[in-house]
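Below is one structure, written out as structure tokens, with a few remarks after it.
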Amino acid sequence: MADLQDAPEDTSAVGELKPNPGPPDPVHVPEYGEDCLDRARNLLATYPVADGHNTLAKALGQIPWHDLEVGESGLDTDIPRLRAGRVGAQFWALTAEADCPDPAGVTLDRLDRIRSLIASYPEWLRLALTGGDLADARNCGRIASFLGPVTAHALGDSLGTLRAYHLLGVRVLALGPGTRWTEPGLTRFGLEVVREANRLGMLLDLSGAEPGTWRRTIDNSKAPVLLSRSAAASLTKHPLNASDELLAELGRSGGVCLVSFDPEQIEQGGRAVTVCDVADHIERVRDVAGPSHVGLAGTFGLVRGAPRIPGLEDASCYPTLIAELLGRGWTEPEIGALTWENFARVVRDVEFTARATAPRRTPSKATIEDLDGP
């Protein structure tokens with residue numbers, strides 16, 4: 001079994017990617033040369049990418065057939081692309097849409113889909129529940145697969161449902177708007193959700209959260225939080241992007257912002273979005289939150305034809321972005337922190353908080369009616 005550090009760009013062991021029809025893609029080699037791209041690939045062999053948000057669970061429900069091991073032309077994520085992109089860890093998003101009439105049912109369906117996917121490809125994927133699993137998967141050449149985030153409205157206002165998700169392997173809860181305890185701000189029941197998530201060891205995702213929610217979450221959480229798919233609101237106004245105030249608080253509290261590649265979150269002034277624009281957002285987050293508090297969220301897991309940034313069309317393209325950052329003078333330790341170390345630290349810190357909290361706190365039996373009223 002090849003390790004992630006052993007020439008992961010060679011995907012012949014799992015088949016060749018099927019060619020996509022249509023005109024050829026633009027040339028993605030950065031202007032500073034192929035040498036920088038080779039350096040990026042070599043660096044990612046040591047520090048693979050920990051990607052914070054992939055919606056493949058949803059995409060798999062939209063296509064009639066798929067083969068992720070030999071390369072799936074209808075999707076932007078499969079085993080060959082993940083390995084070519086040096087992805088060593090992945091959060092598989094289970095988020096239900098805001099207008100979904102049955103968010104719990106949709107979440108469980110996507111959870112089952114991803115767990116089945118992981119079980120179907122044990123040579124490449126490994127379910128990860130802890131920081132130890134993250135390290136073990138990397139050492140064995142597998143992609144550590146975390147489940148989550150799930151959305152707040154998929155809880156049904158129930159702490160018991162939160163615990164059930166945790167038992168099923170979910171490790172991230174998104175506190176975005178859509179419930180009466182996260183919008184317009186975190187209520188007393190919302191604070192109890194934060195405490196219970198801390199006790200369980202579930203990461204809290206504040207991407208798109210209302211100011212009243214993210215402030216109270218950061219102030220009251222015993223563990224660091226994350227933004228699983230945000231960019232810098234100071235560069236691009238978007239509901240999922242983070243203000244400088246939020247980024248500064250995130251850095252102060254030890255969290256991490258995983259920068260999204262979604263073109264809508266990156267575009268500036270209506271012009272075509274480029275890899276350079278993504279790098280601008282990464283550097284803005286780093287400058288405000290700090291170099292220990294920035295990571296990557298490719299926001300891949302889409303069907304063919306979805307809007308993508310030229311040069312970052314699929315999960316194989318991470319070396320292109322790293323080459324851009326190296327060309328801007330980023331050092332190897334800074335790249336390692338961006339792609340892996342910051343992500344891994346937050347996972348470990350949340351797990352440590354859970355171990356420290358569990359002996360002093362029993363499972364909460366509170367209901368939303370108890371704390372917020374009818």
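Identifiers in the structure tokens: chain A, B, ... in order shown; residue index from 1 per chain; ligand index from 1 in order shown.
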* **Picked from region 61-261 of chain A by DSSP as helix (DSSP H, G or I), as an MDAnalysis selection string** => chainID A and resid 79:84 103:120 131:139 152:155 159:167 188:200 211:220 244:252
* Fewer than 3 positions away in the same chain doesn't count, so skip those; otherwise give me all residues within 9 Å of Gly74 (chain A), counting only C-alpha atoms, as a PyMOL selection string. => chain A and resi 20+63+66+302-305
* To do: Tell me which of A:Val170, A:Ile118, A:Ala45, A:Ala306 sits closest to Gly88 (chain A), counting only C-alpha atoms.
  =>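 Selected residue with least distance to Gly88 (chain A): A:Ala45.
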Could you make a table, as a Markdown table, of the residues of region 335-367 of chain A that have an atom within 12 Å of an atom of region 153-169 of chain A, each with its nearest atom pair and distance in Å to one decimal, counting only C-alpha atoms, in chain and number order?
| residue | atom | partner | partner_atom | distance |
| --- | --- | --- | --- | --- |
| A:Pro363 | CA | A:Arg163 | CA | 8.6 |
| A:Ser364 | CA | A:Leu159 | CA | 7.2 |
| A:Lys365 | CA | A:Leu159 | CA | 7.4 |
| A:Ala366 | CA | A:Leu159 | CA | 7.6 |
| A:Thr367 | CA | A:Ser158 | CA | 6.8 |
For all heavy atoms, I'd like the residues from the last selection saved as a PDB file, in the first residue's frame.
ATOM      1  N   PRO A 363     -24.671  13.955  30.789  1.00  0.00           N
ATOM      2  CA  PRO A 363     -25.488  14.365  29.641  1.00  0.00           C
ATOM      3  C   PRO A 363     -26.654  15.255  30.072  1.00  0.00           C
ATOM      4  O   PRO A 363     -27.363  14.954  31.018  1.00  0.00           O
ATOM      5  CB  PRO A 363     -25.976  13.035  29.064  1.00  0.00           C
ATOM      6  CG  PRO A 363     -24.933  12.054  29.472  1.00  0.00           C
ATOM      7  CD  PRO A 363     -24.463  12.490  30.825  1.00  0.00           C
ATOM      8  N   SER A 364     -26.831  16.360  29.364  1.00  0.00           N
ATOM      9  CA  SER A 364     -27.880  17.313  29.722  1.00  0.00           C
ATOM     10  C   SER A 364     -29.254  16.787  29.327  1.00  0.00           C
ATOM     11  O   SER A 364     -29.438  16.270  28.222  1.00  0.00           O
ATOM     12  CB  SER A 364     -27.634  18.651  29.024  1.00  0.00           C
ATOM     13  OG  SER A 364     -28.697  19.540  29.254  1.00  0.00           O
ATOM     14  N   LYS A 365     -30.215  16.915  30.230  1.00  0.00           N
ATOM     15  CA  LYS A 365     -31.602  16.528  29.967  1.00  0.00           C
ATOM     16  C   LYS A 365     -32.488  17.735  29.682  1.00  0.00           C
ATOM     17  O   LYS A 365     -33.707  17.599  29.545  1.00  0.00           O
ATOM     18  CB  LYS A 365     -32.162  15.767  31.173  1.00  0.00           C
ATOM     19  CG  LYS A 365     -31.346  14.550  31.576  1.00  0.00           C
ATOM     20  CD  LYS A 365     -31.232  13.532  30.445  1.00  0.00           C
ATOM     21  CE  LYS A 365     -30.450  12.294  30.898  1.00  0.00           C
ATOM     22  NZ  LYS A 365     -30.260  11.341  29.789  1.00  0.00           N
ATOM     23  N   ALA A 366     -31.890  18.915  29.571  1.00  0.00           N
ATOM     24  CA  ALA A 366     -32.668  20.136  29.368  1.00  0.00           C
ATOM     25  C   ALA A 366     -33.370  20.111  28.021  1.00  0.00           C
ATOM     26  O   ALA A 366     -32.882  19.536  27.038  1.00  0.00           O
ATOM     27  CB  ALA A 366     -31.758  21.359  29.463  1.00  0.00           C
ATOM     28  N   THR A 367     -34.526  20.746  27.958  1.00  0.00           N
ATOM     29  CA  THR A 367     -35.258  20.911  26.698  1.00  0.00           C
ATOM     30  C   THR A 367     -35.306  22.380  26.352  1.00  0.00           C
ATOM     31  O   THR A 367     -35.048  23.256  27.191  1.00  0.00           O
ATOM     32  CB  THR A 367     -36.689  20.366  26.821  1.00  0.00           C
ATOM     33  OG1 THR A 367     -37.426  21.220  27.725  1.00  0.00           O
ATOM     34  CG2 THR A 367     -36.701  18.938  27.338  1.00  0.00           C
TER      35      THR A 367
END
* Fewer than 2 positions away in the same chain doesn't count, so skip those; otherwise give me all residues within 8 Å of Ser145 (chain A), counting only C-alpha atoms, as a ChimeraX atom specification. => /A:89-92,118,125-128,143,147
* Have a look at CA of Gly201 (chain A) and CA of Val346 (chain A) and let me know their distance in Å, one decimal. =>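 Going from CA of Gly201 (chain A) over to CA of Val346 (chain A) covers 11.0 Å.
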* Contacts of Gly255 (chain A) within 9 Å, only C-alpha atoms, excl. fewer than 4 positions in-chain, as a PyMOL selection string -> chain A and resi 223-227+249-251+289+292-294+342+346
May I have the selected residues written with N, CA and C atoms, as a CSV table (one decimal), in the first residue's frame?
chain,number,residue,atom,x,y,z
A,223,ALA,N,-13.8,24.9,24.2
A,223,ALA,CA,-13.0,24.4,23.1
A,223,ALA,C,-12.9,25.4,22.0
A,224,PRO,N,-11.9,25.4,21.2
A,224,PRO,CA,-11.8,26.3,20.0
A,224,PRO,C,-12.9,25.9,19.0
A,225,VAL,N,-13.3,26.9,18.2
A,225,VAL,CA,-14.3,26.6,17.2
A,225,VAL,C,-13.7,26.7,15.8
A,226,LEU,N,-14.4,26.5,14.7
A,226,LEU,CA,-13.9,26.6,13.4
A,226,LEU,C,-14.9,27.2,12.5
A,227,LEU,N,-14.5,27.7,11.4
A,227,LEU,CA,-15.3,28.1,10.2
A,227,LEU,C,-14.9,27.1,9.1
A,249,GLU,N,-11.4,37.4,16.7
A,249,GLU,CA,-11.9,36.7,17.9
A,249,GLU,C,-11.6,35.2,17.7
A,250,LEU,N,-11.7,34.7,16.5
A,250,LEU,CA,-11.3,33.3,16.3
A,250,LEU,C,-9.9,33.0,16.6
A,251,GLY,N,-9.0,33.9,16.2
A,251,GLY,CA,-7.6,33.8,16.5
A,251,GLY,C,-7.3,33.9,18.0
A,289,ALA,N,-6.4,36.8,11.6
A,289,ALA,CA,-6.6,35.8,12.6
A,289,ALA,C,-5.3,35.3,13.2
A,292,SER,N,-1.6,30.7,12.7
A,292,SER,CA,-2.0,29.4,13.3
A,292,SER,C,-3.5,29.2,13.2
A,293,HIS,N,-4.2,30.0,12.5
A,293,HIS,CA,-5.7,30.0,12.5
A,293,HIS,C,-6.3,30.0,11.2
A,294,VAL,N,-5.6,29.5,10.2
A,294,VAL,CA,-6.1,29.5,8.8
A,294,VAL,C,-5.8,28.1,8.2
A,342,ASN,N,-2.7,23.3,11.5
A,342,ASN,CA,-3.8,24.1,12.2
A,342,ASN,C,-5.1,23.3,12.4
A,346,VAL,N,-6.7,21.9,16.1
A,346,VAL,CA,-8.1,22.1,16.6
A,346,VAL,C,-8.8,20.8,16.9
* Nearest to Glu196 (chain A): which of A:Lys222, A:Arg308, A:Arg215, A:Arg142 is it, counting only C-alpha atoms? -> A:Lys222
* Return as number ranges by chain the full set of residues in region 38-147 of chain A whose backbone-based DSSP assignment is strand (DSSP E). => A: 49-54, 87-92, 125-127, 143-147
For the selection you just gave me, I'd like the residues written to a file as a PDB file, in the first residue's frame, keeping N, CA and C atoms.
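Heads up, here's the output in selection_5.pdb:
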ATOM      1  N   VAL A  49      -3.090  17.803   2.579  1.00  0.00           N
ATOM      2  CA  VAL A  49      -4.191  18.746   2.776  1.00  0.00           C
ATOM      3  C   VAL A  49      -5.252  18.140   3.692  1.00  0.00           C
ATOM      4  N   ALA A  50      -5.640  18.882   4.701  1.00  0.00           N
ATOM      5  CA  ALA A  50      -6.820  18.567   5.506  1.00  0.00           C
ATOM      6  C   ALA A  50      -7.919  19.516   5.048  1.00  0.00           C
ATOM      7  N   ASP A  51      -8.891  18.983   4.327  1.00  0.00           N
ATOM      8  CA  ASP A  51      -9.932  19.786   3.678  1.00  0.00           C
ATOM      9  C   ASP A  51     -11.172  19.829   4.561  1.00  0.00           C
ATOM     10  N   GLY A  52     -11.674  21.033   4.808  1.00  0.00           N
ATOM     11  CA  GLY A  52     -12.733  21.209   5.792  1.00  0.00           C
ATOM     12  C   GLY A  52     -14.158  21.067   5.303  1.00  0.00           C
ATOM     13  N   HIS A  53     -14.397  20.923   3.986  1.00  0.00           N
ATOM     14  CA  HIS A  53     -15.799  20.897   3.552  1.00  0.00           C
ATOM     15  C   HIS A  53     -15.915  20.292   2.160  1.00  0.00           C
ATOM     16  N   ASN A  54     -16.556  19.127   2.073  1.00  0.00           N
ATOM     17  CA  ASN A  54     -16.816  18.486   0.783  1.00  0.00           C
ATOM     18  C   ASN A  54     -18.244  17.961   0.802  1.00  0.00           C
ATOM     19  N   VAL A  87      -4.718  15.048  -0.664  1.00  0.00           N
ATOM     20  CA  VAL A  87      -5.662  15.200   0.443  1.00  0.00           C
ATOM     21  C   VAL A  87      -5.433  14.063   1.434  1.00  0.00           C
ATOM     22  N   GLY A  88      -5.156  14.416   2.696  1.00  0.00           N
ATOM     23  CA  GLY A  88      -4.909  13.430   3.732  1.00  0.00           C
ATOM     24  C   GLY A  88      -6.009  13.344   4.755  1.00  0.00           C
ATOM     25  N   ALA A  89      -6.895  14.345   4.772  1.00  0.00           N
ATOM     26  CA  ALA A  89      -8.039  14.333   5.688  1.00  0.00           C
ATOM     27  C   ALA A  89      -9.167  15.115   5.042  1.00  0.00           C
ATOM     28  N   GLN A  90     -10.393  14.676   5.304  1.00  0.00           N
ATOM     29  CA  GLN A  90     -11.554  15.309   4.677  1.00  0.00           C
ATOM     30  C   GLN A  90     -12.727  15.331   5.636  1.00  0.00           C
ATOM     31  N   PHE A  91     -13.345  16.511   5.793  1.00  0.00           N
ATOM     32  CA  PHE A  91     -14.651  16.605   6.444  1.00  0.00           C
ATOM     33  C   PHE A  91     -15.716  16.440   5.357  1.00  0.00           C
ATOM     34  N   TRP A  92     -16.537  15.385   5.489  1.00  0.00           N
ATOM     35  CA  TRP A  92     -17.616  15.128   4.532  1.00  0.00           C
ATOM     36  C   TRP A  92     -18.885  15.801   5.061  1.00  0.00           C
ATOM     37  N   LEU A 125      -9.806   5.097   2.208  1.00  0.00           N
ATOM     38  CA  LEU A 125     -10.492   5.940   3.176  1.00  0.00           C
ATOM     39  C   LEU A 125     -10.553   5.252   4.526  1.00  0.00           C
ATOM     40  N   ARG A 126     -10.512   6.056   5.593  1.00  0.00           N
ATOM     41  CA  ARG A 126     -10.661   5.507   6.941  1.00  0.00           C
ATOM     42  C   ARG A 126     -11.505   6.457   7.773  1.00  0.00           C
ATOM     43  N   LEU A 127     -12.533   5.929   8.425  1.00  0.00           N
ATOM     44  CA  LEU A 127     -13.362   6.737   9.306  1.00  0.00           C
ATOM     45  C   LEU A 127     -12.512   7.277  10.442  1.00  0.00           C
ATOM     46  N   ILE A 143      -7.031   8.313   3.693  1.00  0.00           N
ATOM     47  CA  ILE A 143      -7.598   9.647   3.878  1.00  0.00           C
ATOM     48  C   ILE A 143      -8.512   9.604   5.098  1.00  0.00           C
ATOM     49  N   ALA A 144      -8.137  10.327   6.140  1.00  0.00           N
ATOM     50  CA  ALA A 144      -8.944  10.372   7.359  1.00  0.00           C
ATOM     51  C   ALA A 144     -10.269  11.042   7.040  1.00  0.00           C
ATOM     52  N   SER A 145     -11.363  10.351   7.295  1.00  0.00           N
ATOM     53  CA  SER A 145     -12.686  10.818   6.885  1.00  0.00           C
ATOM     54  C   SER A 145     -13.528  11.147   8.106  1.00  0.00           C
ATOM     55  N   PHE A 146     -13.724  12.443   8.333  1.00  0.00           N
ATOM     56  CA  PHE A 146     -14.565  12.924   9.416  1.00  0.00           C
ATOM     57  C   PHE A 146     -15.977  13.176   8.887  1.00  0.00           C
ATOM     58  N   LEU A 147     -16.962  12.930   9.732  1.00  0.00           N
ATOM     59  CA  LEU A 147     -18.363  13.131   9.369  1.00  0.00           C
ATOM     60  C   LEU A 147     -18.858  14.460   9.917  1.00  0.00           C
TER      61      LEU A 147
END
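Restricting the calculation to only C-alpha atoms, the smallest distance between Lys58 (chain A) and any of A:Cys36, A:Leu258, A:Val278, A:Val106 is found for A:Val106.
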* Given the choices A:Ala323, A:Ile266, A:Ala174, A:Leu338, which gets closest to Gly290 (chain A) if the distance is worked out from only C-alpha atoms? ->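 Ranking A:Ala323, A:Ile266, A:Ala174, A:Leu338 by distance to Gly290 (chain A), first place goes to A:Leu338.
When CA of Thr182 (chain A) is paired with CA of Gly208 (chain A), their separation reads 10.9 Å.
The smallest atom-to-atom distance between Trp214 (chain A) and any of A:Gln62, A:Thr187, A:Thr331, A:Thr339, using only C-alpha atoms, is found for A:Thr187.
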* What does the distance from CA of Leu240 (chain A) to CA of Gly212 (chain A) come to in Å, to one decimal? ->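 Distance between the two atoms: 14.9 Å.
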* To do: Using only C-alpha atoms, find the one residue out of A:Ser260, A:Gln268, A:Ser253, A:Asn139 that sits nearest to Lys237 (chain A).
  => A:Gln268
